[in-house]
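Novice: Structure below; questions to follow.
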Amino acid sequence: MNEIWDWAYTWEILPILARASLVTIQATILGFILAATLGLVFAILRMSQSPWISLPVAGFVEFIRSTPLLIQIFFIFFVFPEFGIVLSALTAGILALGLHYGTYCSEVYRAGLANIPRGQWEASTALNLSGYHTFKDVIIPQAIPPVVPALGNYLVALFKETPLLSAIAVLELMQTAKILGSETFRYTEPITLVGIFFLVFSLVTAALLRQVEGWLKRRGGG
Amino acid sequence: MRETNGSAGEAMPMVRFDHVTKAYGSLTVLNALNLDVAHGEKVAIIGPSGSGKTTVLRMLMTLERINDGVIYVEGEPLTHMERGGKLVPANQRHLRRLRGKIGMVFQHFNLFPHMNALKNCVEAPVTVLKMPRREAEERATELLEMVGLGDKLGHYPSQLSGGQQQRVAIARALAMRPKIMLFDEVTSALDPELVGEVLNVIRKLGAEHDLTMLMVTHQMGFAKEFADRVCFFYAGKIAEEGPPEEIFANPKNERTQQFLSAVLEAT
Amino acid sequence: MPLRSLVVSVILAFTAGLVVASFAGFREFLPGLLQGALVTIQITVGGSVLAVIAAFIAAIGKMYGPWPVRWLAVGYIEVFRGTSALVQLFWLFFVLPHFGILLEPLTVAILALGLNVGAYGAEVVRGAIQSVAKGQWEAATALNMGRLTALRRIIIPQAFVRMIPPWGNLFIELLKATALVSLITISDLAFKAQQINQTTFRTVEIFTIVLVFYLAIASLITVAMRALEERAAAGISRGRS
Ligand SMILES: Nc1ncnc2c1ncn2[C@@H]1O[C@H](COP(=O)(O)OP(=O)(O)OP(=O)(O)O)[C@@H](O)[C@H]1O
Ligand SMILES: [Mg+2]
């Protein structure tokens, strides 16, 4: 009990944590899909000519960005049922992650959209393209590739915030580690293993992102 | 009323600027401009930098709102629409319907960099005119052949020279079957040896197509040979206009004389 | 634009606050929430101070230190950026006692959040230092200044202005991360919110009020950092003329 690191215990809990990591990965992927989509919607709405649309959206984005994700998770998990919408803890957590990081992604998209030369908009107008086709066929395909690395950084950031779902008892990595710790009174191994998992995943993703970035640069130059 | 006038055809000019004013803040760029362009007419617009030449084309393309006056296309108000006998500012639907009659070629090409030459010319006919893709591709191929780029269909803008890019841009505008074509200094961004190939395409257009053309240009030789009429802009107004022979050989306005002698000296 | 959206969001939040204020129990719970807010602010300030110190040491260690220092700095930055804040908090809270190190929860909170944000801050500091023109280094060397003197007297004062906006963002990230400390039994704003929620079940009102509280503190940070930026920029341009 007093040794610094218990290998037998480590091997015992590793498979349990591995299974829990699937929930973490699921929350990450679904949360990020939601974030990337919502972010684009926010970014486009903020470009609206009408201040009745753009300003409230800007305010909402600023509001979500300035307040803690944890409270937003609680809000969605506890408040929605009051309006008759009962969500599973995992769904509530994914919604909160998606919403929170959606506001971050919207800033990334905004930067991408701002970099499109005015001539592209004007050529689209001169060709009589509708607003929808201007966005879908001309602007978005040019605006997205350069911001993929920045979006990727938020994917990693979102991933690192999934342990917050343990606060509403989603059985992801952190919650599983805590339960294991409370059962055996040994927290060292489970929490350290969770830390190592995050570290490895982050480093690998960061390396992959650098590859993607290099590839995009080469493609842009050629 | 105007509708019937318009359909009367010959009587109504293709384009009419009726006391059009445009200001950016306190800077008045166009000052109660009047300009009629007849069906099939080729008008060259010349004048010193900042005199409002580009602005005229941009307003006709509805890239820019006007502050006062009305622009008509084929007798129909472009910037406005009739509501209960009065003219009110045009809504998006009206603009999109009338914009279909106008095409524009830009100084800096503004090709879509993520689409190859063919796709650049197919995109709008398919999505706006709802043309079947096959037909749009056939027509685009014909147009690209017409501008001498039949062998470059799959090339992306970054793989083309400036002159080639500008010819794709001309084909792209033509693919929308406009009645009016606007050219804004389309050779200014090109190396001198590439100017000729673009001008040749415009010559060909003038000869083979029934197009009304407005072109802003610094190529005085081309304006002289190609245009039916030359308008000299100065400080947001037409200071002098007339057939090219007259304007170039015998300018009456002092500003025109100064401008032409300065330009001719430089070349 | 950020200032304008800030104003709009404050107005939005204020409206939400008004709606919520009609909630009768609000008066009763305000003292509790204010206590929580005080703890939140305490941790934010303490964490920010630690973050700035850690960031400068790590950045300078990584850029100019001898190799053991460099590796230490890189290790710190990568580990704290690569794992998540909650994992770090739990690790310090649950695992350190196992090694015989017993800390107050508040100390753990400030330590974990400060070190976490400090790791991100290190990259901000490094970027700002690197953005100072190379000529400035060369001029300092030509005047026979030592490396540390040049850094302290020439380079960092110029990099400082550029660091302020990203640090503003980091302080807000830190403020947001303080909510995590409620999970290690510290009664901050988030903790109080849950506590009151469990006794009153006025979920909508309580969490809305608490979100508005956080927004108010965040706005305070934004305004303060902007003022600092203006003063620093004025200082530099005064120095130049
Ligand atoms: N978006 C804008 N905002 C403010 N001023 C503008 C804008 N666009 C044009 N202007 C001003 O309007 C005036 C006319 O511009 P315009 O582009 O029509 O000139 P031009 O005759 O085409 O000149 P050039 O030969 O240099 O192209 C100029 O003084 C210009 O500075
Ligand atoms: Mg011009």
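The way I read the labels, and the way they are meant: chains A, B, ... in the order of the structure tokens, residue 1 as the first residue of every chain, and ligand 1 as the first ligand shown, with later ones counted on from there.
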Once you count only C-alpha atoms, what closest atom pair and distance in Å to one decimal does each residue of chain B within 7 Å of chain A have, with rows by chain and rising residue number, as JSON lines?
Specialist:
```
{"residue": "B:Met61", "atom": "CA", "partner": "A:Ala126", "partner_atom": "CA", "distance": 6.3}
{"residue": "B:Leu63", "atom": "CA", "partner": "A:Glu122", "partner_atom": "CA", "distance": 6.6}
{"residue": "B:Arg96", "atom": "CA", "partner": "A:Asn128", "partner_atom": "CA", "distance": 6.2}
{"residue": "B:Arg99", "atom": "CA", "partner": "A:Asn128", "partner_atom": "CA", "distance": 6.3}
{"residue": "B:Gly100", "atom": "CA", "partner": "A:Asn128", "partner_atom": "CA", "distance": 6.4}
{"residue": "B:Gly103", "atom": "CA", "partner": "A:Ala126", "partner_atom": "CA", "distance": 6.1}
{"residue": "B:Met104", "atom": "CA", "partner": "A:Ala126", "partner_atom": "CA", "distance": 6.1}
{"residue": "B:Asn110", "atom": "CA", "partner": "A:Gly119", "partner_atom": "CA", "distance": 5.4}
{"residue": "B:Phe112", "atom": "CA", "partner": "A:Val138", "partner_atom": "CA", "distance": 6.8}
{"residue": "B:His114", "atom": "CA", "partner": "A:Gln142", "partner_atom": "CA", "distance": 6.8}
{"residue": "B:Ala124", "atom": "CA", "partner": "A:Leu127", "partner_atom": "CA", "distance": 6.2}
{"residue": "B:Val128", "atom": "CA", "partner": "A:Leu129", "partner_atom": "CA", "distance": 5.9}
{"residue": "B:Ala173", "atom": "CA", "partner": "A:Leu127", "partner_atom": "CA", "distance": 6.8}
```
Novice: Contacts of A:Tyr187 at 7 Å or less, counting only C-alpha atoms, minus same-chain residues fewer than 6 places along, as a list in words?
Specialist: Gly181 of chain A; Phe94 and Val95 of chain C
Novice: Could you please determine the separation between atom 18 (O, counted along the ligand's line) of ligand 1 and atom CA of B:Lys237 in Å, to one decimal place?
Specialist: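 Computing the Euclidean distance for atom 18 (O, counted along the ligand's line) of ligand 1 and atom CA of B:Lys237 yields 11.1 Å.
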Novice: Can you build me a table of chain B residues sitting at most 9 Å from ligand 1, with the closest atom pair per residue and its distance in Å to one decimal, using only C-alpha atoms and all ligand atoms, sorted by chain and residue number, as JSON lines?
Specialist:
```
{"residue": "B:Lys22", "atom": "CA", "partner": "ligand 1", "partner_atom_place_in_ligand_line": "12 (O)", "distance": 8.8}
{"residue": "B:Ala23", "atom": "CA", "partner": "ligand 1", "partner_atom_place_in_ligand_line": "12 (O)", "distance": 7.8}
{"residue": "B:Tyr24", "atom": "CA", "partner": "ligand 1", "partner_atom_place_in_ligand_line": "4 (C)", "distance": 5.0}
{"residue": "B:Gly25", "atom": "CA", "partner": "ligand 1", "partner_atom_place_in_ligand_line": "4 (C)", "distance": 7.4}
{"residue": "B:Leu27", "atom": "CA", "partner": "ligand 1", "partner_atom_place_in_ligand_line": "5 (N)", "distance": 7.2}
{"residue": "B:Thr28", "atom": "CA", "partner": "ligand 1", "partner_atom_place_in_ligand_line": "12 (O)", "distance": 7.6}
{"residue": "B:Val29", "atom": "CA", "partner": "ligand 1", "partner_atom_place_in_ligand_line": "12 (O)", "distance": 5.0}
{"residue": "B:Leu30", "atom": "CA", "partner": "ligand 1", "partner_atom_place_in_ligand_line": "14 (C)", "distance": 7.9}
{"residue": "B:Ile46", "atom": "CA", "partner": "ligand 1", "partner_atom_place_in_ligand_line": "21 (O)", "distance": 8.1}
{"residue": "B:Gly47", "atom": "CA", "partner": "ligand 1", "partner_atom_place_in_ligand_line": "21 (O)", "distance": 6.6}
{"residue": "B:Pro48", "atom": "CA", "partner": "ligand 1", "partner_atom_place_in_ligand_line": "25 (O)", "distance": 5.8}
{"residue": "B:Ser49", "atom": "CA", "partner": "ligand 1", "partner_atom_place_in_ligand_line": "25 (O)", "distance": 3.5}
{"residue": "B:Gly50", "atom": "CA", "partner": "ligand 1", "partner_atom_place_in_ligand_line": "19 (O)", "distance": 3.5}
{"residue": "B:Ser51", "atom": "CA", "partner": "ligand 1", "partner_atom_place_in_ligand_line": "21 (O)", "distance": 3.9}
{"residue": "B:Gly52", "atom": "CA", "partner": "ligand 1", "partner_atom_place_in_ligand_line": "18 (O)", "distance": 3.1}
{"residue": "B:Lys53", "atom": "CA", "partner": "ligand 1", "partner_atom_place_in_ligand_line": "21 (O)", "distance": 3.8}
{"residue": "B:Thr54", "atom": "CA", "partner": "ligand 1", "partner_atom_place_in_ligand_line": "22 (O)", "distance": 3.6}
{"residue": "B:Thr55", "atom": "CA", "partner": "ligand 1", "partner_atom_place_in_ligand_line": "18 (O)", "distance": 3.8}
{"residue": "B:Val56", "atom": "CA", "partner": "ligand 1", "partner_atom_place_in_ligand_line": "18 (O)", "distance": 6.7}
{"residue": "B:Leu57", "atom": "CA", "partner": "ligand 1", "partner_atom_place_in_ligand_line": "18 (O)", "distance": 8.3}
{"residue": "B:Arg58", "atom": "CA", "partner": "ligand 1", "partner_atom_place_in_ligand_line": "18 (O)", "distance": 8.3}
{"residue": "B:Glu64", "atom": "CA", "partner": "ligand 1", "partner_atom_place_in_ligand_line": "1 (N)", "distance": 8.7}
{"residue": "B:Asp184", "atom": "CA", "partner": "ligand 1", "partner_atom_place_in_ligand_line": "22 (O)", "distance": 8.0}
{"residue": "B:Glu185", "atom": "CA", "partner": "ligand 1", "partner_atom_place_in_ligand_line": "27 (O)", "distance": 7.7}
{"residue": "B:Val216", "atom": "CA", "partner": "ligand 1", "partner_atom_place_in_ligand_line": "22 (O)", "distance": 7.8}
{"residue": "B:Thr217", "atom": "CA", "partner": "ligand 1", "partner_atom_place_in_ligand_line": "25 (O)", "distance": 8.5}
{"residue": "B:His218", "atom": "CA", "partner": "ligand 1", "partner_atom_place_in_ligand_line": "25 (O)", "distance": 8.2}
{"residue": "B:Phe233", "atom": "CA", "partner": "ligand 1", "partner_atom_place_in_ligand_line": "21 (O)", "distance": 7.6}
{"residue": "B:Tyr234", "atom": "CA", "partner": "ligand 1", "partner_atom_place_in_ligand_line": "21 (O)", "distance": 8.4}
{"residue": "B:Ala235", "atom": "CA", "partner": "ligand 1", "partner_atom_place_in_ligand_line": "14 (C)", "distance": 8.3}
{"residue": "B:Gly236", "atom": "CA", "partner": "ligand 1", "partner_atom_place_in_ligand_line": "14 (C)", "distance": 7.5}
```
Novice: Can you list, as a PyMOL selection string, every residue of chain C that DSSP puts in alpha helix (DSSP H)?
Specialist: chain C and resi 2-21+26-64+67-82+85-90+105-130+134-142+147-149+156-177+189-200+203-240
Novice: Stretch 130-136 of chain C: which residues within 9 Å, counting only C-alpha atoms, same-chain residues fewer than 6 positions away excluded, as a JSON list (two decimals) with all heavy atoms, in the first residue's frame?
Specialist:
```
[["chain", "number", "residue", "atom", "x", "y", "z"],
["C", 150, "ALA", "N", 20.24, 42.82, -21.36],
["C", 150, "ALA", "CA", 19.57, 43.19, -22.61],
["C", 150, "ALA", "C", 18.11, 42.77, -22.56],
["C", 150, "ALA", "O", 17.21, 43.53, -22.94],
["C", 150, "ALA", "CB", 20.28, 42.53, -23.79],
["C", 154, "ILE", "N", 16.03, 46.02, -22.45],
["C", 154, "ILE", "CA", 15.77, 46.40, -23.85],
["C", 154, "ILE", "C", 14.63, 45.57, -24.46],
["C", 154, "ILE", "O", 13.68, 46.12, -25.02],
["C", 154, "ILE", "CB", 17.03, 46.21, -24.72],
["C", 154, "ILE", "CG1", 18.24, 46.88, -24.07],
["C", 154, "ILE", "CG2", 16.81, 46.74, -26.14],
["C", 154, "ILE", "CD1", 18.18, 48.38, -23.98],
["C", 155, "ILE", "N", 14.75, 44.27, -24.37],
["C", 155, "ILE", "CA", 13.84, 43.41, -25.14],
["C", 155, "ILE", "C", 12.46, 43.30, -24.49],
["C", 155, "ILE", "O", 11.43, 43.57, -25.13],
["C", 155, "ILE", "CB", 14.45, 42.00, -25.31],
["C", 155, "ILE", "CG1", 15.84, 42.11, -25.94],
["C", 155, "ILE", "CG2", 13.54, 41.14, -26.17],
["C", 155, "ILE", "CD1", 15.89, 42.75, -27.29],
["C", 156, "ILE", "N", 12.42, 42.92, -23.22],
["C", 156, "ILE", "CA", 11.12, 42.67, -22.59],
["C", 156, "ILE", "C", 10.24, 43.92, -22.54],
["C", 156, "ILE", "O", 9.04, 43.83, -22.83],
["C", 156, "ILE", "CB", 11.31, 42.02, -21.21],
["C", 156, "ILE", "CG1", 11.81, 40.58, -21.42],
["C", 156, "ILE", "CG2", 10.00, 42.00, -20.42],
["C", 156, "ILE", "CD1", 12.05, 39.80, -20.17],
["C", 158, "GLN", "N", 9.92, 46.10, -24.72],
["C", 158, "GLN", "CA", 9.29, 46.24, -26.03],
["C", 158, "GLN", "C", 8.29, 45.13, -26.30],
["C", 158, "GLN", "O", 7.27, 45.32, -26.96],
["C", 158, "GLN", "CB", 10.36, 46.21, -27.14],
["C", 158, "GLN", "CG", 11.30, 47.39, -27.07],
["C", 158, "GLN", "CD", 12.30, 47.38, -28.20],
["C", 158, "GLN", "OE1", 11.93, 47.30, -29.36],
["C", 158, "GLN", "NE2", 13.57, 47.44, -27.86],
["C", 159, "ALA", "N", 8.61, 43.93, -25.79],
["C", 159, "ALA", "CA", 7.71, 42.79, -26.00],
["C", 159, "ALA", "C", 6.46, 42.93, -25.15],
["C", 159, "ALA", "O", 5.41, 42.37, -25.49],
["C", 159, "ALA", "CB", 8.44, 41.48, -25.66],
["C", 162, "ARG", "N", 3.00, 43.87, -26.63],
["C", 162, "ARG", "CA", 2.45, 42.83, -27.49],
["C", 162, "ARG", "C", 1.87, 41.66, -26.70],
["C", 162, "ARG", "O", 1.05, 40.91, -27.19],
["C", 162, "ARG", "CB", 3.53, 42.30, -28.42],
["C", 162, "ARG", "CG", 3.46, 42.96, -29.78],
["C", 162, "ARG", "CD", 4.71, 42.67, -30.56],
["C", 162, "ARG", "NE", 5.66, 43.76, -30.35],
["C", 162, "ARG", "CZ", 6.71, 43.95, -31.13],
["C", 162, "ARG", "NH1", 6.95, 43.14, -32.13],
["C", 162, "ARG", "NH2", 7.53, 44.95, -30.90]]
```
Novice: From a backbone DSSP assignment, name each residue in stretch 3-236 of chain B labelled strand (DSSP E or B), as a count of residues only.
Specialist: 62
Novice: Find the residues near stretch 53-66 of chain A: any atom within 8 Å, counting only C-alpha atoms, skip ones fewer than 2 places away on the same chain, and give them as a list in words.
Specialist: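 Here the answer would be Phe42, Leu45, Arg46, Met47, Ser48, Gln49, Ser50, Pro51, Pro68, Leu99, His100, Thr103 and Tyr104 of chain A; Ser5, Leu6, Val7, Val8, Ser9, Val10, Leu12, Ala13, Ile172, Glu173, Lys176, Tyr214, Leu215 and Ala218 of chain C.
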Novice: Using C-alpha atoms, can you export the residues from the last selection as a PDB file, in the first residue's frame?
Specialist:
```pdb
ATOM      1  CA  PHE A  42     -22.233  31.820 -35.766  1.00  0.00           C
ATOM      2  CA  LEU A  45     -24.709  35.095 -38.829  1.00  0.00           C
ATOM      3  CA  ARG A  46     -22.234  37.614 -37.446  1.00  0.00           C
ATOM      4  CA  MET A  47     -21.538  38.785 -40.996  1.00  0.00           C
ATOM      5  CA  SER A  48     -25.213  39.577 -41.483  1.00  0.00           C
ATOM      6  CA  GLN A  49     -26.017  43.061 -42.775  1.00  0.00           C
ATOM      7  CA  SER A  50     -28.762  43.378 -40.188  1.00  0.00           C
ATOM      8  CA  PRO A  51     -27.534  44.471 -36.757  1.00  0.00           C
ATOM      9  CA  PRO A  68     -16.992  28.622 -17.450  1.00  0.00           C
ATOM     10  CA  LEU A  99     -21.640  25.061 -27.873  1.00  0.00           C
ATOM     11  CA  HIS A 100     -18.618  26.288 -25.922  1.00  0.00           C
ATOM     12  CA  THR A 103     -17.899  30.045 -30.139  1.00  0.00           C
ATOM     13  CA  TYR A 104     -14.140  29.539 -30.367  1.00  0.00           C
TER      14      TYR A 104
ATOM     15  CA  SER C   5     -19.713  42.747 -28.534  1.00  0.00           C
ATOM     16  CA  LEU C   6     -18.660  42.942 -24.917  1.00  0.00           C
ATOM     17  CA  VAL C   7     -21.096  45.792 -24.398  1.00  0.00           C
ATOM     18  CA  VAL C   8     -23.824  43.864 -26.170  1.00  0.00           C
ATOM     19  CA  SER C   9     -23.190  40.760 -24.115  1.00  0.00           C
ATOM     20  CA  VAL C  10     -23.260  42.765 -20.898  1.00  0.00           C
ATOM     21  CA  LEU C  12     -27.907  40.760 -22.828  1.00  0.00           C
ATOM     22  CA  ALA C  13     -26.716  39.402 -19.522  1.00  0.00           C
ATOM     23  CA  ILE C 172     -10.135  34.947 -18.681  1.00  0.00           C
ATOM     24  CA  GLU C 173      -9.340  31.295 -19.395  1.00  0.00           C
ATOM     25  CA  LYS C 176     -13.230  30.131 -16.313  1.00  0.00           C
ATOM     26  CA  TYR C 214     -18.605  35.278 -14.293  1.00  0.00           C
ATOM     27  CA  LEU C 215     -19.293  37.511 -17.264  1.00  0.00           C
ATOM     28  CA  ALA C 218     -14.452  38.640 -17.220  1.00  0.00           C
TER      29      ALA C 218
END
```
Novice: Please provide as a PyMOL selection string all residues within 6 Å of stretch 161-167 of chain A, with the sequence filter that same-chain residues fewer than 5 positions apart are discarded (counting only C-alpha atoms).
Specialist: chain A and resi 93+174-175
Novice: Could you give me, as a PyMOL selection string, the residues within 8 Å of stretch 221-224 of chain C, counting only C-alpha atoms and dropping anything in the same chain fewer than 3 positions from it?
Specialist: chain C and resi 168+171-172+217-218+227-228
